[in-house]
Every structure is written in C-alpha cells, then in structure tokens.
Amino acid sequence: MRTINLRHVFALPTYNLYRNLKTIAPRVRFAPSPTGYLHLGGLRTALYNYLFAKSRGGVFILRIEDTDQTRKVEGSVDALIDDLKWAGIECNEGPTTNGNYGPYVQSERLNIYQEYIQKLLDNGSAYKCFCTERRLNILRRDAVRSQRIPKYDNKCRSLSEKDIQEKIDAGTPYCIRFKLSSDCISFEDMIFGGIAYDVTLNEGDPVLMKSDGYPTYHFANVVDDYLMGITHVLRGVEWQISTTKHLLIYKAFGWTPPEFGHLPLIVNSDGTKLSKRQSDVKVEDYRAKGIYPLALVNYITLSGGGFDHVIGEGIRYKTLDELAEEFQISKISSHPSRLNPDLLEECNRLELKRRLKDEHLTKSLIANLQNLIKSKYKGENLNISEEHIRGVLLWATARITRIEELVTPKFAFLWILPSNKNMEVNKNLFEKLINNLEDLETFEQNTIKDNLKHFSAQNDVQFPALMKMLRSVLSGLNEGPSVAEMMQLLGKCQSLERIKAVIRYFCVYFSFLIVRNDT
C-alpha cells in the first residue's frame with residue numbers, strides 16, 4: 001500500500017468531498033457480511049454511524065452484504081440484528097424495517113447489479129475476462145517467484161469483439177473486470193485527512209462481477225451506496241486502501257461519491273491487535289458476562305473518541321441520546337483505539353448505579369437478582385424480599401460491577417438464613433445484645449461497630465470473640481465482610497431476627513434435652 005498525506009501533495013486530482021455537515025441530513029449505513037458473530041469493531045462502526053445520523057436528524061440503514069455465499073453462516077443475520085437491538089441501535093431502514101430503497105440484502109438485488117454492470121460494459125469502463133483459475137494461479141506463482149507484487153496482467157482488456165463472441169459461443173465462463181486508470185486518486189478522509197493512492201501500483205483490473213452472476217464487494221458496495229442515497233461512509237480503516245478504487249468506479253458511472261471516514265483499529269491495552277480467538281471480542285460474550293448494553297456503548301466511545309474530553313474530569317457516563325448530541329467526527333483520533341478492561345468494569349458499575357435511580361429499572365434489577373438467587377440456592381431458606389434486595393443493591397454499587405457477583409459464596413449470607421445447628425452461643429449475653437441493639441437509632445456500620453466495642457467492654461467479653469460468635473449467628477460463615485458491615489447490609493430487623501432465631505433454637509433444644517433426660 002502506498003498512501004500519501006495530502007499536506008505534502010500538490011496538483012493531484014482530488015475528490016473534495018466535504019459538504020456542510022450541519023445542513024445536510026445524512027444517510028449512513030452499517031453493511032456487515034453474515035459470516036459469523038458481531039464483534040467489537042463491528043459494533044463500534046454501527047454505533048458511530050448511528051450516532052452520526054441521530055445527531056443530525058439523519059437515517060441509519062442496515063444493509064447485509066452477502067455476495068460471498070460460500071462464507072455465509074446460517075442464523076448470523078438474526079443474531080446480528082438482535083445484538084444491535086440489545087445495544088440500543090435501532091435501524092431506520094433495513095431487512096426487517098420498511099424503507100424505500102430496498103431490498104437491503106445484496107443477494108436479493110442481483111437483477112440491479114446486472115443492470116448496472118451492463119452500463120459499465122456499454123461505456124467501455126468494464127470488460128469480460130475469460131482467464132481460467134489455472135492461469136491466474138500461474139500468474140501469482142510467477143510473481144512470487146520473481147519477487148513482484150502478484151496482480152492480474154489485464155490480458156483480456158485487449159480481446160477483440162470477435163474473440164469475445166467466439167468464447168461466449170463456445171460457452172467459456174467469464175467474469176467482468178473494471179478498467180483501472182493509473183491516476184493517483186486523492187480524497188479527504190473525515191478522520192485521517194488527505195489520502196492519495198494509485199491503485200494500479202499494487203493490483204490489476206479488479207473483478208466486478210463473478211462468473212456465478214454475483215457481484216464482488218467493491219461493485220455492489222458502490223452501486224448500493226449510490227442507489228440508497230448514502231451521503232457519508234464511516235467504516236473501518238482496513239477499507240481505506242479500497243476507497244480510491246471505489247472513487248474510480250463512481251467516476252466511471254458519472255456519479256458524485258459520498259464522503260468517507262475511516263475508523264482506526266481497535267487494539268488491546270498493550271497495543272496488540274484484537275484476535276477473534278479472544279473471549280472478549282464477540283458482543284454475545286459481553287452479554288453472557290453480564291455487561292449492560294449502555295456500559296459497552298460507553299466503553300467503546302471512551303476508547304474510540306468522538307467526544308470532548310476534559311482532563312481530570314474522569315468518566316462522563318452518558319445515555320445514547322447524550323452521546324448522539326455530543327458526537328463529533330472531528331474528535332475521532334486517527335490513532336488506534338486502545339481498550340482498557342478496567343474501564344469496562346467501571347462503566348458497568350456506573351450503569352448499575354444509573355439503573356437504581358430509575359424505579360422501573362430498579363424493579364427489573366430486583367426481579368433479575370431474585371431469579372439468580374433462587375436458581376443458585378435451590379432448597380435453601382432464603383431472604384429475598386424486595387426491600388432487602390433493594391437495600392443490598394444500593395450498598396453494592398460501590399463494591400461490584402455486575403449483579404451476578406452477589407450470588408457468589410462471598411455474599412451468600414445476604415440471602416441464606418443460617419442454620420442454627422452446632423452453634424455455641426451465650427444465651428444471656430445475646431439477650432443483652434438484642435436489647436442493646438434495639439436501642440440503636442442509627443443502624444450504620446460505624447455506629448454499629450462502636451456500639452459492639454462498648455458492649456463487649458461492658459460485659460467483660462473479648463471483642464474478637466464476640467465478633468466470631470456474631471459472624472456465625474448472622475451468616476454461618478467463617479469469613480466475609482466485617483460484622484458491622486454485614487449487619488448494616490442485613491438491616492436492623494433482619495440482624496435482630498437472626499440473633500433471636502438462635503436464642504429460640506437454643507431454648508427449644510435445651511428444653512428437649514431436659515425432657516429426654518427426665519424420661
């Protein structure tokens with residue numbers, strides 16, 4: 001690839017694509033191939049197109065580019081649409097949405113491509129190529145052996161009309177290629193600035209229509225963008241090298257091209273490339289791990305730019321509407337977007353906090369957590385009242401990043417009422433403790449801790465020993481949060497009830513022993 005920064009280039013034919021972004025309602029598209037799951041990079045592309053359209057009262061289109069039928073994965077389109085909806089990205093037009101520019105699946109537009117490939121054949125911009133796969137392989141092999149760039153030698157460009165007709169009459173299969181010109185085409189990338197490139201340096205005439213009647217990506221992409229009225233193309237930087245080729249196709253048709261912007265690579269925190277083998281690339285993996293949609297969206301925008309950032313301000317967690325309002329293409333950096341996993345956890349914590357400020361979302365959280373607890377601790381005597389769970393969630397926002405953490409063994413005491421068997425307690429001491437705790441007006445961690453220290457001193461009991469007994473009574477566990485924190489979490493009523501339950505069990509068990517000894 002040879003690219004030239006336009007700041008150092010003069011007198012090159014340039015496609016000056018900039019229009020007034022504020023006065024034109026954009027039409028943008030996300031055009032994935034149905035070859036598998038939606039990954040983080042794809043979601044970023046869809047999100048930034050969506051925010052760009054939403055911020056300017058434009059239209060966001062979903063188009064499925066399935067011209068390579070050999071790589072199509074069954075069910076991937078439905079999964080992709082589901083992932084986009086989960087993330088809050090709604091399409092204005094697409095396969096499942098009404099629109100005036102459909103069909104929105106390329107395999108349903110084959111007749112359209114046939115019509116437009118004929119236009120290029122008629123104006124001399126394209127030609128039929130009869131080269132066999134064997135010949136193309138020999139070209140590639142010879143180029144590699146000679147340390148040259150492998151590319152088609154444009155042999156069929158020079159075929160006469162007579163030669164072409166004879167091959168067609170003989171039933172020889174053919175594809176249709178585009179005649180590249182050796183101009184150094186340049187354009188203004190909305191993110192990277194000026195880009196110039198002579199595509200003929202690295203490739204021969206590209207195939208536009210395959211022998212099976214299906215168009216290639218490059219041809220269908222240009223035709224669809226034009227016919228669907230696409231005004232701005234935002235896509236991954238891996239497609240930047242193809243843009244000058246697309247511009248030549250636009251020129252061959254006599255069409256005005258859209259504006260182009262290429263989003264930089266997303267990389268790991270250490271700068272290494274994301275791998276599809278990693279478990280944190282698929283959107284479905286984030287969903288399965290309990291990451292919230294808006295948390296993932298904020299994570300992407302915090303890593304990828306597009307917004308004003310005030311140094312020292314910290315994370316500004318935003319809704320989709322707020323993100324759309326503040327989105328600016330000029331703020332997207334051309335440098336690779338580095339992911340910081342800690343930032344994702346913080347975003348998820350902030351989303352938990354945001355949801356707890358909304359009564360409807362809070363009730364949904366409570367119901368979700370109740371189901372998780374019942375599924376995790378089947379057959380246990382549980383305390384999962386709405387009031388109790390609400391209090392725990394409010395406490396937990398500073399300590400957890402996803403509600404699934406609340407059903408781990410560490411927090412089991414919150415839900416499981418402890419068994420009173422095998423507990424050794426001082427009945428008189430605990431009766432005094434109940435009276436002492438009932439008089440507490442403020443049932444908060446620091447107040448509880450000070451009160452328990454004072455109680456242990458007054459009753460001549462070692463504070464650590466008292467804490468050990470209380471921990472056993474309250475949770476049945478040997479470790480976990482501090483006793484005072486545990487009591488604050490359980491609340492005054494629940495803490496006192498658990499202590500009273502032990503005393504009741506002690507009294508019943510002691511009475512049983514007396515009766516048994518008498519008999």
# chains A, B, ... in the order shown; residues from 1 in each chain; ligands from 1
$ residues_around --residues "Met228 in chain A" --least-positions-apart "4" --cutoff "9 Å" --atoms "only C-alpha atoms" --output "PyMOL selection string"
chain A and resi 27+100-102+223-224
$ select_by_dssp --residues "range 194-440 of chain A" --states "strand (DSSP E)" --output "list in words"
Gly194, Ile195, Ala196, Tyr197, Val207, Leu208, Met209, His232, Val233, Leu234, Arg235, Gly236, Glu259, Phe260, Gly261, His262, Leu263, Ile266, Val267, Ser337 and Arg338 of chain A
$ residues_around --residues "Phe30 in chain A" --least-positions-apart "3" --cutoff "9 Å" --atoms "only C-alpha atoms" --output "VMD selection string"
chain A and resid 42 45 to 47 49 to 50 60 to 64 233 to 235
$ residues_around --residues "Ser181 in chain A" --least-positions-apart "3" --cutoff "12 Å" --atoms "only C-alpha atoms" --output "list of chain:residue names"
A:Ser125, A:Ala126, A:Asn154, A:Phe178, A:Cys184, A:Ile185, A:Tyr197, A:Asp198, A:Val199, A:Thr200, A:Leu201, A:Glu203, A:Gly204, A:Asp205, A:Pro206, A:Thr244, A:Lys245, A:Leu247, A:Leu248, A:Ile249, A:Lys251, A:Ala252
$ closest_atom_pairs --of "range 251-367 of chain A" --to "range 373-396 of chain A" --cutoff "12 Å" --atoms "only C-alpha atoms" --output "JSON lines"
{"residue": "A:Arg349", "atom": "CA", "partner": "A:Ala396", "partner_atom": "CA", "distance": 9.4}
{"residue": "A:Leu350", "atom": "CA", "partner": "A:Ala396", "partner_atom": "CA", "distance": 11.6}
{"residue": "A:Leu352", "atom": "CA", "partner": "A:Leu393", "partner_atom": "CA", "distance": 8.7}
{"residue": "A:Lys353", "atom": "CA", "partner": "A:Leu394", "partner_atom": "CA", "distance": 7.9}
{"residue": "A:Arg354", "atom": "CA", "partner": "A:Leu394", "partner_atom": "CA", "distance": 10.9}
{"residue": "A:Arg355", "atom": "CA", "partner": "A:Leu393", "partner_atom": "CA", "distance": 10.5}
{"residue": "A:Leu356", "atom": "CA", "partner": "A:Leu394", "partner_atom": "CA", "distance": 7.3}
{"residue": "A:Lys357", "atom": "CA", "partner": "A:Leu394", "partner_atom": "CA", "distance": 9.7}
{"residue": "A:Glu359", "atom": "CA", "partner": "A:Arg390", "partner_atom": "CA", "distance": 10.6}
{"residue": "A:Leu361", "atom": "CA", "partner": "A:Arg390", "partner_atom": "CA", "distance": 11.6}
{"residue": "A:Thr362", "atom": "CA", "partner": "A:Arg390", "partner_atom": "CA", "distance": 7.8}
{"residue": "A:Lys363", "atom": "CA", "partner": "A:Glu386", "partner_atom": "CA", "distance": 8.4}
{"residue": "A:Ser364", "atom": "CA", "partner": "A:Glu386", "partner_atom": "CA", "distance": 10.9}
{"residue": "A:Leu365", "atom": "CA", "partner": "A:Leu393", "partner_atom": "CA", "distance": 8.7}
{"residue": "A:Ile366", "atom": "CA", "partner": "A:Ile389", "partner_atom": "CA", "distance": 6.4}
{"residue": "A:Ala367", "atom": "CA", "partner": "A:Glu386", "partner_atom": "CA", "distance": 8.3}
$ decode --residues "range 79-94 of chain A" --atoms "all heavy atoms" --output "mmCIF file, in the first residue's frame"
data_model
loop_
_atom_site.group_PDB
_atom_site.id
_atom_site.type_symbol
_atom_site.label_atom_id
_atom_site.label_comp_id
_atom_site.auth_asym_id
_atom_site.auth_seq_id
_atom_site.Cartn_x
_atom_site.Cartn_y
_atom_site.Cartn_z
ATOM 1 N N ALA A 79 -28.897 -13.016 14.480
ATOM 2 C CA ALA A 79 -28.073 -12.768 15.676
ATOM 3 C C ALA A 79 -27.500 -11.360 15.650
ATOM 4 O O ALA A 79 -27.450 -10.676 16.681
ATOM 5 C CB ALA A 79 -26.947 -13.794 15.756
ATOM 6 N N LEU A 80 -27.090 -10.905 14.475
ATOM 7 C CA LEU A 80 -26.522 -9.570 14.339
ATOM 8 C C LEU A 80 -27.569 -8.498 14.650
ATOM 9 O O LEU A 80 -27.300 -7.545 15.383
ATOM 10 C CB LEU A 80 -25.996 -9.405 12.914
ATOM 11 C CG LEU A 80 -25.254 -8.122 12.580
ATOM 12 C CD1 LEU A 80 -24.133 -8.431 11.590
ATOM 13 C CD2 LEU A 80 -26.173 -7.084 11.973
ATOM 14 N N ILE A 81 -28.768 -8.655 14.099
ATOM 15 C CA ILE A 81 -29.848 -7.693 14.357
ATOM 16 C C ILE A 81 -30.196 -7.679 15.832
ATOM 17 O O ILE A 81 -30.430 -6.620 16.432
ATOM 18 C CB ILE A 81 -31.079 -8.030 13.493
ATOM 19 C CG1 ILE A 81 -30.757 -7.797 12.013
ATOM 20 C CG2 ILE A 81 -32.288 -7.206 13.913
ATOM 21 C CD1 ILE A 81 -31.835 -8.274 11.056
ATOM 22 N N ASP A 82 -30.199 -8.858 16.455
ATOM 23 C CA ASP A 82 -30.500 -8.957 17.886
ATOM 24 C C ASP A 82 -29.442 -8.244 18.728
ATOM 25 O O ASP A 82 -29.769 -7.548 19.692
ATOM 26 C CB ASP A 82 -30.593 -10.429 18.289
ATOM 27 C CG ASP A 82 -30.976 -10.603 19.749
ATOM 28 O OD1 ASP A 82 -32.051 -10.116 20.143
ATOM 29 O OD2 ASP A 82 -30.189 -11.207 20.506
ATOM 30 N N ASP A 83 -28.168 -8.393 18.355
ATOM 31 C CA ASP A 83 -27.089 -7.719 19.086
ATOM 32 C C ASP A 83 -27.194 -6.199 18.958
ATOM 33 O O ASP A 83 -26.959 -5.460 19.915
ATOM 34 C CB ASP A 83 -25.722 -8.192 18.573
ATOM 35 C CG ASP A 83 -25.317 -9.545 19.136
ATOM 36 O OD1 ASP A 83 -25.878 -9.945 20.175
ATOM 37 O OD2 ASP A 83 -24.443 -10.198 18.542
ATOM 38 N N LEU A 84 -27.545 -5.720 17.766
ATOM 39 C CA LEU A 84 -27.698 -4.277 17.563
ATOM 40 C C LEU A 84 -28.848 -3.734 18.405
ATOM 41 O O LEU A 84 -28.724 -2.675 19.038
ATOM 42 C CB LEU A 84 -27.938 -3.965 16.083
ATOM 43 C CG LEU A 84 -26.758 -4.177 15.133
ATOM 44 C CD1 LEU A 84 -27.184 -3.877 13.704
ATOM 45 C CD2 LEU A 84 -25.570 -3.304 15.521
ATOM 46 N N LYS A 85 -29.972 -4.451 18.417
ATOM 47 C CA LYS A 85 -31.120 -4.019 19.232
ATOM 48 C C LYS A 85 -30.764 -4.029 20.707
ATOM 49 O O LYS A 85 -31.155 -3.127 21.456
ATOM 50 C CB LYS A 85 -32.328 -4.930 18.965
ATOM 51 C CG LYS A 85 -32.984 -4.676 17.618
ATOM 52 C CD LYS A 85 -34.216 -5.567 17.444
ATOM 53 C CE LYS A 85 -34.919 -5.271 16.125
ATOM 54 N NZ LYS A 85 -36.096 -6.157 15.927
ATOM 55 N N TRP A 86 -30.030 -5.051 21.125
ATOM 56 C CA TRP A 86 -29.592 -5.138 22.526
ATOM 57 C C TRP A 86 -28.774 -3.913 22.906
ATOM 58 O O TRP A 86 -28.914 -3.366 23.999
ATOM 59 C CB TRP A 86 -28.767 -6.405 22.721
ATOM 60 C CG TRP A 86 -28.108 -6.520 24.056
ATOM 61 C CD1 TRP A 86 -28.682 -6.960 25.221
ATOM 62 C CD2 TRP A 86 -26.750 -6.186 24.378
ATOM 63 N NE1 TRP A 86 -27.757 -6.914 26.238
ATOM 64 C CE2 TRP A 86 -26.570 -6.449 25.767
ATOM 65 C CE3 TRP A 86 -25.672 -5.700 23.644
ATOM 66 C CZ2 TRP A 86 -25.358 -6.229 26.418
ATOM 67 C CZ3 TRP A 86 -24.468 -5.481 24.284
ATOM 68 C CH2 TRP A 86 -24.310 -5.741 25.650
ATOM 69 N N ALA A 87 -27.930 -3.435 21.978
ATOM 70 C CA ALA A 87 -27.079 -2.274 22.242
ATOM 71 C C ALA A 87 -27.837 -0.957 22.134
ATOM 72 O O ALA A 87 -27.264 0.109 22.393
ATOM 73 C CB ALA A 87 -25.894 -2.266 21.284
ATOM 74 N N GLY A 88 -29.112 -1.016 21.748
ATOM 75 C CA GLY A 88 -29.911 0.202 21.629
ATOM 76 C C GLY A 88 -29.817 0.865 20.274
ATOM 77 O O GLY A 88 -30.271 1.993 20.092
ATOM 78 N N ILE A 89 -29.223 0.162 19.294
ATOM 79 C CA ILE A 89 -29.045 0.730 17.950
ATOM 80 C C ILE A 89 -30.208 0.286 17.069
ATOM 81 O O ILE A 89 -30.296 -0.867 16.661
ATOM 82 C CB ILE A 89 -27.695 0.277 17.351
ATOM 83 C CG1 ILE A 89 -26.539 0.755 18.243
ATOM 84 C CG2 ILE A 89 -27.534 0.803 15.940
ATOM 85 C CD1 ILE A 89 -25.182 0.223 17.820
ATOM 86 N N GLU A 90 -31.115 1.214 16.803
ATOM 87 C CA GLU A 90 -32.301 0.921 16.013
ATOM 88 C C GLU A 90 -32.109 1.412 14.578
ATOM 89 O O GLU A 90 -31.678 2.539 14.344
ATOM 90 C CB GLU A 90 -33.525 1.602 16.632
ATOM 91 C CG GLU A 90 -33.905 1.079 18.015
ATOM 92 C CD GLU A 90 -34.475 -0.330 17.985
ATOM 93 O OE1 GLU A 90 -34.898 -0.770 16.889
ATOM 94 O OE2 GLU A 90 -34.519 -0.984 19.040
ATOM 95 N N CYS A 91 -32.441 0.570 13.621
ATOM 96 C CA CYS A 91 -32.298 0.921 12.205
ATOM 97 C C CYS A 91 -33.551 1.644 11.714
ATOM 98 O O CYS A 91 -34.673 1.254 12.035
ATOM 99 C CB CYS A 91 -32.095 -0.337 11.370
ATOM 100 S SG CYS A 91 -30.755 -1.384 11.953
ATOM 101 N N ASN A 92 -33.346 2.682 10.918
ATOM 102 C CA ASN A 92 -34.465 3.362 10.259
ATOM 103 C C ASN A 92 -34.897 2.611 9.010
ATOM 104 O O ASN A 92 -36.069 2.638 8.630
ATOM 105 C CB ASN A 92 -34.078 4.792 9.877
ATOM 106 C CG ASN A 92 -33.627 5.610 11.075
ATOM 107 O OD1 ASN A 92 -32.463 5.985 11.173
ATOM 108 N ND2 ASN A 92 -34.528 5.875 11.994
ATOM 109 N N GLU A 93 -33.938 1.968 8.361
ATOM 110 C CA GLU A 93 -34.215 1.143 7.182
ATOM 111 C C GLU A 93 -33.342 -0.103 7.259
ATOM 112 O O GLU A 93 -32.228 -0.053 7.777
ATOM 113 C CB GLU A 93 -33.900 1.906 5.888
ATOM 114 C CG GLU A 93 -34.705 3.174 5.675
ATOM 115 C CD GLU A 93 -34.256 3.942 4.431
ATOM 116 O OE1 GLU A 93 -33.652 3.318 3.534
ATOM 117 O OE2 GLU A 93 -34.505 5.162 4.365
ATOM 118 N N GLY A 94 -33.870 -1.211 6.747
ATOM 119 C CA GLY A 94 -33.089 -2.441 6.775
ATOM 120 C C GLY A 94 -33.929 -3.643 6.431
ATOM 121 O O GLY A 94 -35.106 -3.514 6.068
#
